[in-house]
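S.K.: Enclosed is the structure file data.cif (mmCIF, C-alpha atoms and all ligand atoms).
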data_run
loop_
_atom_site.label_atom_id
_atom_site.label_comp_id
_atom_site.auth_asym_id
_atom_site.auth_seq_id
_atom_site.Cartn_x
_atom_site.Cartn_y
_atom_site.Cartn_z
CA MET A 1 80.41 102.11 87.63
CA ILE A 2 79.39 98.49 87.92
CA ASP A 3 81.68 96.13 86.09
CA ARG A 4 79.63 92.98 86.50
CA PRO A 5 76.04 92.09 85.63
CA LEU A 6 73.19 91.54 88.05
CA VAL A 7 72.00 87.96 87.57
CA ILE A 8 68.57 86.76 88.65
CA ALA A 9 68.46 82.97 88.52
CA ALA A 10 65.56 80.57 89.03
CA ASN A 11 66.43 77.16 90.45
CA TRP A 12 63.36 75.04 89.82
CA LYS A 13 64.86 72.05 91.66
CA MET A 14 62.69 68.93 91.13
CA HIS A 15 59.65 70.81 89.83
CA LYS A 16 57.89 71.06 86.47
CA THR A 17 57.22 68.72 83.59
CA ARG A 18 58.06 69.68 80.02
CA GLY A 19 54.59 71.12 79.49
CA GLU A 20 54.78 73.17 82.69
CA ALA A 21 58.22 74.40 81.69
CA SER A 22 56.96 75.55 78.28
CA GLN A 23 54.02 77.35 79.86
CA TYR A 24 56.28 79.11 82.39
CA MET A 25 58.66 80.21 79.64
CA ARG A 26 55.76 81.50 77.56
CA ASP A 27 54.50 83.51 80.54
CA LEU A 28 58.00 84.79 81.29
CA ALA A 29 58.51 85.85 77.67
CA ALA A 30 55.20 87.71 77.71
CA TRP A 31 56.15 89.47 80.94
CA MET A 32 59.63 90.36 79.66
CA ALA A 33 58.24 91.73 76.41
CA GLY A 34 55.99 94.10 78.33
CA SER A 35 58.42 95.07 81.06
CA ASP A 36 60.89 97.93 81.12
CA SER A 37 63.35 95.97 83.26
CA GLY A 38 65.82 95.61 80.38
CA ALA A 39 66.48 92.03 81.48
CA GLY A 40 67.88 89.53 79.00
CA VAL A 41 70.57 86.99 78.25
CA ASP A 42 73.36 89.58 78.10
CA GLY A 43 73.70 93.08 79.38
CA PRO A 44 73.58 94.55 82.87
CA LEU A 45 70.53 92.55 84.06
CA GLN A 46 70.56 88.86 83.17
CA VAL A 47 68.00 86.14 83.71
CA VAL A 48 68.86 82.47 84.23
CA ILE A 49 66.40 79.58 84.41
CA ALA A 50 67.55 76.20 85.73
CA PRO A 51 64.90 73.56 84.98
CA PRO A 52 65.24 69.88 85.85
CA ALA A 53 67.26 68.05 83.16
CA THR A 54 64.15 66.55 81.56
CA ALA A 55 62.75 70.03 80.87
CA ILE A 56 65.94 71.78 79.69
CA ALA A 57 65.14 71.23 76.01
CA ALA A 58 61.52 72.31 76.42
CA ALA A 59 62.61 75.50 78.20
CA ALA A 60 65.43 76.22 75.74
CA ASP A 61 63.17 75.67 72.74
CA MET A 62 60.92 78.54 73.81
CA ALA A 63 63.71 80.97 72.83
CA VAL A 64 62.99 83.32 75.75
CA PRO A 65 65.71 85.95 76.38
CA ALA A 66 67.03 84.03 79.40
CA SER A 67 69.94 81.62 79.79
CA ILE A 68 69.10 78.00 80.52
CA TYR A 69 71.25 76.29 83.14
CA ALA A 70 71.35 72.68 84.32
CA GLN A 71 71.18 72.04 88.08
CA THR A 72 74.11 69.62 88.29
CA MET A 73 76.52 67.79 85.99
CA HIS A 74 78.97 64.89 85.97
CA GLN A 75 82.61 65.80 85.53
CA GLU A 76 83.50 63.03 83.06
CA ASP A 77 82.73 63.28 79.36
CA HIS A 78 81.16 59.80 79.26
CA GLY A 79 81.39 56.42 80.93
CA ALA A 80 79.68 53.99 83.25
CA PHE A 81 77.95 56.55 85.49
CA THR A 82 74.35 55.41 85.64
CA GLY A 83 71.92 58.29 85.91
CA GLU A 84 74.48 61.02 85.31
CA LEU A 85 74.70 63.64 82.56
CA SER A 86 77.81 65.13 80.97
CA ALA A 87 78.52 68.70 79.94
CA ALA A 88 78.15 67.77 76.27
CA MET A 89 74.73 66.18 76.92
CA LEU A 90 73.47 69.23 78.80
CA LYS A 91 74.71 71.52 76.03
CA ASP A 92 73.05 69.28 73.48
CA ALA A 93 69.76 69.67 75.37
CA GLY A 94 70.10 73.46 75.22
CA ALA A 95 71.83 74.45 78.47
CA THR A 96 74.44 77.19 78.32
CA GLY A 97 75.42 76.98 81.98
CA VAL A 98 75.24 74.77 85.03
CA ILE A 99 74.67 75.24 88.76
CA LEU A 100 77.32 73.26 90.64
CA GLY A 101 77.61 72.34 94.31
CA HIS A 102 74.16 73.41 95.45
CA SER A 103 73.95 72.59 99.15
CA GLU A 104 71.26 69.98 98.42
CA ARG A 105 73.73 68.25 96.08
CA ARG A 106 76.45 68.47 98.71
CA GLN A 107 74.29 67.33 101.63
CA LEU A 108 71.90 64.81 100.03
CA PHE A 109 74.06 63.44 97.23
CA GLY A 110 77.54 63.61 98.70
CA GLU A 111 79.14 66.07 96.27
CA THR A 112 82.59 66.95 97.56
CA ASP A 113 84.73 70.02 97.02
CA ALA A 114 87.22 67.84 95.12
CA ALA A 115 84.53 66.59 92.71
CA LEU A 116 83.25 70.14 92.35
CA ALA A 117 86.67 71.39 91.32
CA ASP A 118 86.58 68.81 88.50
CA LYS A 119 83.01 69.75 87.58
CA VAL A 120 83.84 73.47 87.40
CA ALA A 121 86.81 72.70 85.14
CA ALA A 122 84.79 70.31 82.96
CA ALA A 123 81.94 72.81 82.54
CA ALA A 124 84.41 75.53 81.56
CA ALA A 125 86.21 73.20 79.15
CA HIS A 126 82.91 72.64 77.36
CA GLY A 127 82.02 76.32 77.35
CA LEU A 128 79.22 76.05 79.91
CA HIS A 129 78.99 78.95 82.39
CA PRO A 130 79.65 77.39 85.82
CA MET A 131 77.72 78.78 88.80
CA LEU A 132 79.41 77.42 91.93
CA CYS A 133 77.32 77.43 95.12
CA ILE A 134 78.88 77.82 98.54
CA GLY A 135 77.43 78.36 101.99
CA GLU A 136 77.75 77.47 105.64
CA THR A 137 75.40 75.41 107.80
CA ILE A 138 73.72 76.75 110.93
CA ASP A 139 76.26 74.85 113.04
CA ASP A 140 79.13 76.53 111.18
CA ARG A 141 77.56 79.92 111.78
CA ARG A 142 76.85 79.29 115.47
CA GLY A 143 80.36 77.88 115.87
CA GLY A 144 81.89 81.02 114.36
CA THR A 145 83.41 79.26 111.34
CA ALA A 146 81.13 80.59 108.58
CA HIS A 147 83.89 82.62 106.90
CA GLU A 148 86.40 79.82 107.11
CA VAL A 149 83.96 77.23 105.69
CA VAL A 150 82.84 79.42 102.82
CA THR A 151 86.26 80.67 101.79
CA ARG A 152 87.53 77.07 101.88
CA GLN A 153 84.67 76.00 99.59
CA VAL A 154 85.61 78.82 97.19
CA ARG A 155 89.29 77.88 97.15
CA LEU A 156 88.70 74.14 96.77
CA GLY A 157 85.90 74.46 94.24
CA LEU A 158 87.93 76.82 92.06
CA ALA A 159 91.20 74.89 92.42
CA LYS A 160 91.20 73.67 88.83
CA ILE A 161 90.25 76.81 86.95
CA ASP A 162 92.34 79.94 86.46
CA GLY A 163 90.98 83.46 86.60
CA GLU A 164 91.27 84.17 82.87
CA THR A 165 89.32 81.03 82.02
CA ALA A 166 86.71 81.80 84.68
CA ALA A 167 86.21 85.31 83.30
CA ARG A 168 86.09 84.04 79.72
CA VAL A 169 83.42 81.40 80.42
CA GLY A 170 81.35 83.71 82.62
CA LEU A 171 81.76 81.87 85.92
CA SER A 172 79.62 83.08 88.80
CA LEU A 173 79.34 82.16 92.48
CA ALA A 174 76.20 81.81 94.57
CA TYR A 175 76.45 82.30 98.31
CA GLU A 176 73.60 80.37 99.88
CA PRO A 177 73.68 79.96 103.65
CA VAL A 178 72.24 76.47 104.12
CA TRP A 179 70.11 77.65 107.05
CA ALA A 180 68.32 80.13 104.79
CA ILE A 181 67.40 77.76 101.95
CA GLY A 182 63.71 76.92 101.79
CA THR A 183 63.27 77.92 105.41
CA GLY A 184 61.79 81.36 104.94
CA GLU A 185 64.73 82.65 106.93
CA THR A 186 66.89 85.08 104.99
CA ALA A 187 70.34 86.29 105.91
CA THR A 188 70.08 89.95 106.82
CA PRO A 189 71.42 92.20 104.06
CA GLU A 190 74.30 93.03 106.42
CA ILE A 191 75.27 89.38 106.98
CA ALA A 192 74.94 88.63 103.29
CA GLN A 193 77.01 91.67 102.29
CA GLU A 194 79.71 90.80 104.79
CA MET A 195 79.97 87.24 103.44
CA HIS A 196 79.95 88.43 99.82
CA ALA A 197 82.73 90.90 100.57
CA ALA A 198 84.79 88.11 102.16
CA ILE A 199 84.18 85.90 99.12
CA ARG A 200 85.33 88.70 96.81
CA VAL A 201 88.50 89.14 98.86
CA THR A 202 89.16 85.41 98.42
CA LEU A 203 88.59 85.74 94.66
CA ALA A 204 91.04 88.66 94.56
CA GLU A 205 93.62 86.58 96.41
CA LEU A 206 93.16 83.77 93.91
CA TRP A 207 92.80 85.68 90.67
CA GLY A 208 93.57 89.34 91.26
CA GLU A 209 91.37 92.34 91.90
CA GLU A 210 90.18 92.90 88.35
CA ILE A 211 88.68 89.45 87.85
CA ALA A 212 87.30 89.47 91.40
CA LEU A 213 85.45 92.68 90.57
CA ARG A 214 84.08 91.20 87.35
CA THR A 215 82.78 87.96 88.90
CA PRO A 216 79.09 88.01 89.88
CA ILE A 217 78.38 86.70 93.38
CA LEU A 218 74.68 85.87 93.77
CA TYR A 219 72.85 85.51 97.07
CA GLY A 220 70.43 82.64 97.63
CA GLY A 221 68.17 81.57 100.47
CA SER A 222 64.49 82.56 100.74
CA VAL A 223 64.79 85.48 98.32
CA LYS A 224 61.36 86.82 97.39
CA PRO A 225 59.94 90.01 95.85
CA ALA A 226 59.55 91.58 99.31
CA ASN A 227 63.20 91.24 100.36
CA ALA A 228 64.99 91.28 96.99
CA LEU A 229 65.58 95.02 96.70
CA GLU A 230 67.24 95.32 100.08
CA LEU A 231 69.54 92.38 99.36
CA LEU A 232 70.34 93.43 95.79
CA SER A 233 71.16 96.97 96.91
CA GLN A 234 74.21 95.70 98.81
CA PRO A 235 77.42 96.57 96.96
CA ASP A 236 78.74 93.02 96.72
CA ILE A 237 75.45 91.21 96.04
CA ASP A 238 75.28 90.77 92.29
CA GLY A 239 72.06 88.86 91.91
CA ALA A 240 69.88 86.18 93.41
CA LEU A 241 69.55 82.42 93.09
CA VAL A 242 65.90 81.79 93.83
CA GLY A 243 64.14 78.51 94.61
CA GLY A 244 60.58 78.62 95.93
CA ALA A 245 59.80 82.18 94.83
CA ALA A 246 60.95 81.41 91.28
CA LEU A 247 58.39 78.69 90.65
CA ASP A 248 55.78 81.06 89.30
CA VAL A 249 56.29 83.95 86.93
CA PRO A 250 54.48 86.71 88.89
CA SER A 251 56.72 86.15 91.88
CA PHE A 252 59.96 85.63 89.90
CA SER A 253 59.27 88.69 87.75
CA GLY A 254 58.81 90.71 90.95
CA ILE A 255 62.40 89.83 91.84
CA ILE A 256 63.62 90.81 88.35
CA ASP A 257 61.81 94.12 88.79
CA ALA A 258 63.52 94.67 92.15
CA ALA A 259 66.86 94.01 90.42
CA ALA A 260 66.04 96.58 87.75
CA VAL A 261 65.25 99.15 90.46
CA SER A 262 68.50 98.47 92.29
CA LEU A 263 70.46 98.64 89.04
CA ARG A 264 68.94 102.01 88.12
CA ALA A 265 69.76 103.34 91.59
CA ALA A 266 73.36 102.11 91.31
CA VAL A 267 73.80 103.68 87.87
CA ALA A 268 72.27 106.96 89.09
CA SER A 269 74.62 107.15 92.07
CA SER A 270 77.79 106.22 90.14
P1 LIG B 301 64.89 79.09 98.24
O1 LIG B 301 66.01 78.21 97.51
O2 LIG B 301 64.81 80.39 97.48
O3 LIG B 301 63.63 78.26 98.13
O4 LIG B 301 65.34 79.29 99.63
C1 LIG B 301 67.19 78.79 97.04
C2 LIG B 301 68.10 77.73 96.48
O5 LIG B 301 68.14 76.62 97.04
O6 LIG B 301 68.79 77.94 95.45
#
So that I can check it, write out the structure of this file as structure tokens.
M.R.:
Amino acid sequence: MIDRPLVIAANWKMHKTRGEASQYMRDLAAWMAGSDSGAGVDGPLQVVIAPPATAIAAAADMAVPASIYAQTMHQEDHGAFTGELSAAMLKDAGATGVILGHSERRQLFGETDAALADKVAAAAAHGLHPMLCIGETIDDRRGGTAHEVVTRQVRLGLAKIDGETAARVGLSLAYEPVWAIGTGETATPEIAQEMHAAIRVTLAELWGEEIALRTPILYGGSVKPANALELLSQPDIDGALVGGAALDVPSFSGIIDAAAVSLRAAVASS
């Protein structure tokens, strides 16, 4: 039996105004109401939407059965950090979780593992679900250090949170090989499964088997309706973090449908 949810998450990145966000959420609500996917905020199949910060309130106000996450967050509660947003501010806007350490944040905005450890702890302290992203570059993979890089990111990023707290606040991980993000290139289901299994072993070493088994590990990198089922059918792939293919509802809902199919198959075979 599966002891963790499947999570299908949309990372809108720097897309959509408030009006566009409201329209998307309306369309998503209409689709969810008519679908038999069983997807919702809680339960075995969960939907997450991560709008840009300016559209969090607009998305949250639509009261769609989906969690609203921020895309990044500052680790301090307040202070002289021009342009940054705290956990309390994101919660106030309507977010219940936050994506942390996306490779674009790491590569383009200099987010370090040390800062991410503080961000994970700060999100948890404020009751936001942290979703920590990890993933190797193409050079790491070609150089044979993908495992080492990713397990180090897990250990460093989770250095300031214990397993009980992580389980209580609903922490998840998202494995996103940098070479697969926005490139149309997806990790094969075998590569993704192998990395997810290694990440779960690292979680078990840190926090014990039980919490490792309860922690969702999402895959991200060019997920689309056509490849979602194969990826989500892997035993250690517990969802998808989707960029480009999550920008419109017909495509994103196709991925939710694929998740529902894989969940039904897993339940039937358990
Ligand atoms: P992509 O982005 O689906 O467009 O590859 C995924 C992500 O960056 O989270």
S.K.: Counting all atoms listed in the file, which residues of chain A sit at most 8 Å from some atom of ligand LIG 301 (chain B), and what is each one's closest atom pair with its distance in Å to one decimal, listed by chain and rising residue number, as JSON lines?
M.R.:
{"residue": "A:Ala10", "atom": "CA", "partner": "B:LIG301", "partner_atom": "O6", "distance": 7.7}
{"residue": "A:Asn11", "atom": "CA", "partner": "B:LIG301", "partner_atom": "O6", "distance": 5.6}
{"residue": "A:Lys13", "atom": "CA", "partner": "B:LIG301", "partner_atom": "O5", "distance": 7.8}
{"residue": "A:His102", "atom": "CA", "partner": "B:LIG301", "partner_atom": "O5", "distance": 7.0}
{"residue": "A:Ser103", "atom": "CA", "partner": "B:LIG301", "partner_atom": "O5", "distance": 7.4}
{"residue": "A:Glu104", "atom": "CA", "partner": "B:LIG301", "partner_atom": "O5", "distance": 7.5}
{"residue": "A:Glu176", "atom": "CA", "partner": "B:LIG301", "partner_atom": "O6", "distance": 7.0}
{"residue": "A:Ala180", "atom": "CA", "partner": "B:LIG301", "partner_atom": "O4", "distance": 6.0}
{"residue": "A:Ile181", "atom": "CA", "partner": "B:LIG301", "partner_atom": "O4", "distance": 3.5}
{"residue": "A:Gly182", "atom": "CA", "partner": "B:LIG301", "partner_atom": "O4", "distance": 3.6}
{"residue": "A:Thr183", "atom": "CA", "partner": "B:LIG301", "partner_atom": "O4", "distance": 6.3}
{"residue": "A:Gly184", "atom": "CA", "partner": "B:LIG301", "partner_atom": "O4", "distance": 6.7}
{"residue": "A:Gly220", "atom": "CA", "partner": "B:LIG301", "partner_atom": "C1", "distance": 5.1}
{"residue": "A:Gly221", "atom": "CA", "partner": "B:LIG301", "partner_atom": "O4", "distance": 3.7}
{"residue": "A:Ser222", "atom": "CA", "partner": "B:LIG301", "partner_atom": "O4", "distance": 3.6}
{"residue": "A:Val223", "atom": "CA", "partner": "B:LIG301", "partner_atom": "O2", "distance": 5.2}
{"residue": "A:Lys224", "atom": "CA", "partner": "B:LIG301", "partner_atom": "O2", "distance": 7.3}
{"residue": "A:Leu241", "atom": "CA", "partner": "B:LIG301", "partner_atom": "O6", "distance": 5.1}
{"residue": "A:Val242", "atom": "CA", "partner": "B:LIG301", "partner_atom": "O2", "distance": 4.1}
{"residue": "A:Gly243", "atom": "CA", "partner": "B:LIG301", "partner_atom": "O1", "distance": 3.5}
{"residue": "A:Gly244", "atom": "CA", "partner": "B:LIG301", "partner_atom": "O3", "distance": 3.8}
{"residue": "A:Ala245", "atom": "CA", "partner": "B:LIG301", "partner_atom": "O2", "distance": 5.9}
{"residue": "A:Ala246", "atom": "CA", "partner": "B:LIG301", "partner_atom": "O2", "distance": 7.4}
S.K.: Work out how far apart atom CA of Ala174 of chain A and atom CA of Ala114 of chain A are and give it in Å to one decimal.
M.R.: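 Atom CA of Ala114 of chain A lies 17.8 Å from atom CA of Ala174 of chain A.
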S.K.: Can you pull out every residue within 8 Å of Pro44 of chain A, counting only C-alpha atoms, but drop anything in the same chain fewer than 5 positions away, and send it as an mmCIF file with C-alpha atoms, in the frame of the given file?
M.R.:
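part_3.cif was written with the following content:
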data_model
loop_
_atom_site.group_PDB
_atom_site.id
_atom_site.type_symbol
_atom_site.label_atom_id
_atom_site.label_comp_id
_atom_site.auth_asym_id
_atom_site.auth_seq_id
_atom_site.Cartn_x
_atom_site.Cartn_y
_atom_site.Cartn_z
ATOM 1 C CA ARG A 4 79.630 92.980 86.500
ATOM 2 C CA PRO A 5 76.040 92.090 85.630
ATOM 3 C CA LEU A 6 73.190 91.540 88.050
ATOM 4 C CA ALA A 39 66.480 92.030 81.480
#
S.K.: With distances taken over only C-alpha atoms, which of A:Asp162, A:Glu136, A:Glu190, A:Glu209 is nearest to Leu232 of chain A?
M.R.: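 Looking only at the distances to Leu232 of chain A, the closest residue turns out to be A:Glu190.
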S.K.: Do a neighbour search on segment 77-92 of chain A at 9 Å with all atoms listed in the file, toss out local chain neighbours closer than 6 positions, and write the hits as a list of chain:residue names.
M.R.: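 Skipping anything fewer than 6 positions along the chain leaves A:Ala53, A:Ile56, A:Ala57, A:Tyr69, A:Ala70, A:Val98, A:Lys119, A:Ala122, A:Ala123, A:Ala125, A:His126, A:Gly127, A:Leu128.
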S.K.: Nearest to Leu45 of chain A: which of A:Gln193, A:Thr17, A:Ser262, A:Gln153 is it, counting all atoms listed in the file?
M.R.: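 For Leu45 of chain A, the nearest of the candidates is A:Ser262.
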S.K.: Tell me which of A:Ala50, A:Val120, A:Met73, A:Ala115 sits closest to Leu173 of chain A, counting only C-alpha atoms.
M.R.: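 That would be A:Val120, the residue with the smallest distance to Leu173 of chain A.
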S.K.: Would you list the contacts of Gly163 of chain A as a PyMOL selection string, taking every protein, DNA or RNA residue within 10 Å and counting all atoms listed in the file, but skipping same-chain residues closer than 5 positions in sequence?
M.R.: chain A and resi 158+168-169+171+203-204+206-208+210-212+215
S.K.: Interatomic distance between atom CA of Asp236 of chain A and atom CA of Pro250 of chain A?
M.R.: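 Taking atom CA of Asp236 of chain A as the start and atom CA of Pro250 of chain A as the end point, the length is 26.3 Å.
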S.K.: Quick one: residues within 9 Å of Leu229 of chain A, all atoms listed in the file, excluding same-chain residues fewer than 6 positions away - as a list in words?
M.R.: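 Those residues are Ile255, Asp257, Ala258, Ala259, Val261 and Ser262 of chain A.
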S.K.: Return segment 24-35 of chain A, completed with all heavy atoms, as a PDB file, keeping the file's coordinate frame.
M.R.:
ATOM      1  N   TYR A  24      55.549  78.119  81.580  1.00  0.00           N
ATOM      2  CA  TYR A  24      56.280  79.110  82.390  1.00  0.00           C
ATOM      3  C   TYR A  24      57.095  80.017  81.459  1.00  0.00           C
ATOM      4  O   TYR A  24      57.067  81.255  81.598  1.00  0.00           O
ATOM      5  CB  TYR A  24      57.206  78.375  83.357  1.00  0.00           C
ATOM      6  CG  TYR A  24      58.021  79.237  84.303  1.00  0.00           C
ATOM      7  CD1 TYR A  24      57.730  79.296  85.662  1.00  0.00           C
ATOM      8  CD2 TYR A  24      59.118  79.979  83.855  1.00  0.00           C
ATOM      9  CE1 TYR A  24      58.487  80.052  86.546  1.00  0.00           C
ATOM     10  CE2 TYR A  24      59.883  80.740  84.720  1.00  0.00           C
ATOM     11  CZ  TYR A  24      59.566  80.773  86.066  1.00  0.00           C
ATOM     12  OH  TYR A  24      60.318  81.537  86.933  1.00  0.00           O
ATOM     13  N   MET A  25      57.805  79.407  80.513  1.00  0.00           N
ATOM     14  CA  MET A  25      58.660  80.210  79.640  1.00  0.00           C
ATOM     15  C   MET A  25      57.822  81.133  78.759  1.00  0.00           C
ATOM     16  O   MET A  25      58.218  82.268  78.485  1.00  0.00           O
ATOM     17  CB  MET A  25      59.557  79.295  78.781  1.00  0.00           C
ATOM     18  CG  MET A  25      60.556  78.465  79.592  1.00  0.00           C
ATOM     19  SD  MET A  25      61.594  79.409  80.742  1.00  0.00           S
ATOM     20  CE  MET A  25      62.881  80.011  79.663  1.00  0.00           C
ATOM     21  N   ARG A  26      56.665  80.645  78.335  1.00  0.00           N
ATOM     22  CA  ARG A  26      55.760  81.500  77.560  1.00  0.00           C
ATOM     23  C   ARG A  26      55.330  82.713  78.396  1.00  0.00           C
ATOM     24  O   ARG A  26      55.346  83.851  77.950  1.00  0.00           O
ATOM     25  CB  ARG A  26      54.519  80.703  77.137  1.00  0.00           C
ATOM     26  CG  ARG A  26      54.347  80.572  75.621  1.00  0.00           C
ATOM     27  CD  ARG A  26      53.002  79.988  75.233  1.00  0.00           C
ATOM     28  NE  ARG A  26      52.618  78.780  75.933  1.00  0.00           N
ATOM     29  CZ  ARG A  26      52.983  77.549  75.584  1.00  0.00           C
ATOM     30  NH1 ARG A  26      53.721  77.349  74.519  1.00  0.00           N
ATOM     31  NH2 ARG A  26      52.606  76.499  76.294  1.00  0.00           N
ATOM     32  N   ASP A  27      54.942  82.429  79.632  1.00  0.00           N
ATOM     33  CA  ASP A  27      54.500  83.510  80.540  1.00  0.00           C
ATOM     34  C   ASP A  27      55.650  84.481  80.828  1.00  0.00           C
ATOM     35  O   ASP A  27      55.450  85.693  80.891  1.00  0.00           O
ATOM     36  CB  ASP A  27      53.975  82.927  81.857  1.00  0.00           C
ATOM     37  CG  ASP A  27      52.684  82.132  81.658  1.00  0.00           C
ATOM     38  OD1 ASP A  27      52.073  82.252  80.575  1.00  0.00           O
ATOM     39  OD2 ASP A  27      52.304  81.379  82.585  1.00  0.00           O
ATOM     40  N   LEU A  28      56.840  83.932  81.008  1.00  0.00           N
ATOM     41  CA  LEU A  28      58.000  84.790  81.290  1.00  0.00           C
ATOM     42  C   LEU A  28      58.306  85.674  80.083  1.00  0.00           C
ATOM     43  O   LEU A  28      58.574  86.868  80.236  1.00  0.00           O
ATOM     44  CB  LEU A  28      59.219  83.918  81.649  1.00  0.00           C
ATOM     45  CG  LEU A  28      60.500  84.679  82.006  1.00  0.00           C
ATOM     46  CD1 LEU A  28      60.308  85.534  83.254  1.00  0.00           C
ATOM     47  CD2 LEU A  28      61.675  83.707  82.219  1.00  0.00           C
ATOM     48  N   ALA A  29      58.248  85.074  78.902  1.00  0.00           N
ATOM     49  CA  ALA A  29      58.510  85.850  77.670  1.00  0.00           C
ATOM     50  C   ALA A  29      57.508  86.983  77.547  1.00  0.00           C
ATOM     51  O   ALA A  29      57.869  88.115  77.201  1.00  0.00           O
ATOM     52  CB  ALA A  29      58.449  84.936  76.455  1.00  0.00           C
ATOM     53  N   ALA A  30      56.242  86.685  77.834  1.00  0.00           N
ATOM     54  CA  ALA A  30      55.200  87.710  77.710  1.00  0.00           C
ATOM     55  C   ALA A  30      55.475  88.829  78.714  1.00  0.00           C
ATOM     56  O   ALA A  30      55.370  90.025  78.391  1.00  0.00           O
ATOM     57  CB  ALA A  30      53.826  87.094  77.964  1.00  0.00           C
ATOM     58  N   TRP A  31      55.857  88.455  79.933  1.00  0.00           N
ATOM     59  CA  TRP A  31      56.150  89.470  80.940  1.00  0.00           C
ATOM     60  C   TRP A  31      57.366  90.313  80.513  1.00  0.00           C
ATOM     61  O   TRP A  31      57.335  91.549  80.597  1.00  0.00           O
ATOM     62  CB  TRP A  31      56.419  88.831  82.305  1.00  0.00           C
ATOM     63  CG  TRP A  31      56.759  89.886  83.313  1.00  0.00           C
ATOM     64  CD1 TRP A  31      55.892  90.704  83.977  1.00  0.00           C
ATOM     65  CD2 TRP A  31      58.077  90.315  83.679  1.00  0.00           C
ATOM     66  NE1 TRP A  31      56.583  91.605  84.754  1.00  0.00           N
ATOM     67  CE2 TRP A  31      57.925  91.389  84.592  1.00  0.00           C
ATOM     68  CE3 TRP A  31      59.373  89.888  83.335  1.00  0.00           C
ATOM     69  CZ2 TRP A  31      59.015  92.031  85.163  1.00  0.00           C
ATOM     70  CZ3 TRP A  31      60.458  90.545  83.899  1.00  0.00           C
ATOM     71  CH2 TRP A  31      60.273  91.603  84.813  1.00  0.00           C
ATOM     72  N   MET A  32      58.407  89.632  80.041  1.00  0.00           N
ATOM     73  CA  MET A  32      59.630  90.360  79.660  1.00  0.00           C
ATOM     74  C   MET A  32      59.353  91.324  78.516  1.00  0.00           C
ATOM     75  O   MET A  32      59.874  92.441  78.504  1.00  0.00           O
ATOM     76  CB  MET A  32      60.744  89.377  79.284  1.00  0.00           C
ATOM     77  CG  MET A  32      61.326  88.645  80.499  1.00  0.00           C
ATOM     78  SD  MET A  32      62.561  87.392  80.078  1.00  0.00           S
ATOM     79  CE  MET A  32      64.045  88.388  80.056  1.00  0.00           C
ATOM     80  N   ALA A  33      58.539  90.878  77.571  1.00  0.00           N
ATOM     81  CA  ALA A  33      58.240  91.730  76.410  1.00  0.00           C
ATOM     82  C   ALA A  33      57.524  93.006  76.838  1.00  0.00           C
ATOM     83  O   ALA A  33      57.709  94.068  76.232  1.00  0.00           O
ATOM     84  CB  ALA A  33      57.390  90.955  75.405  1.00  0.00           C
ATOM     85  N   GLY A  34      56.746  92.922  77.904  1.00  0.00           N
ATOM     86  CA  GLY A  34      55.990  94.100  78.330  1.00  0.00           C
ATOM     87  C   GLY A  34      56.649  94.875  79.455  1.00  0.00           C
ATOM     88  O   GLY A  34      56.115  95.879  79.924  1.00  0.00           O
ATOM     89  N   SER A  35      57.807  94.413  79.905  1.00  0.00           N
ATOM     90  CA  SER A  35      58.420  95.070  81.060  1.00  0.00           C
ATOM     91  C   SER A  35      59.515  96.036  80.620  1.00  0.00           C
ATOM     92  O   SER A  35      60.105  95.881  79.546  1.00  0.00           O
ATOM     93  CB  SER A  35      59.006  94.001  81.999  1.00  0.00           C
ATOM     94  OG  SER A  35      60.401  94.084  82.067  1.00  0.00           O
TER      95      SER A  35
END
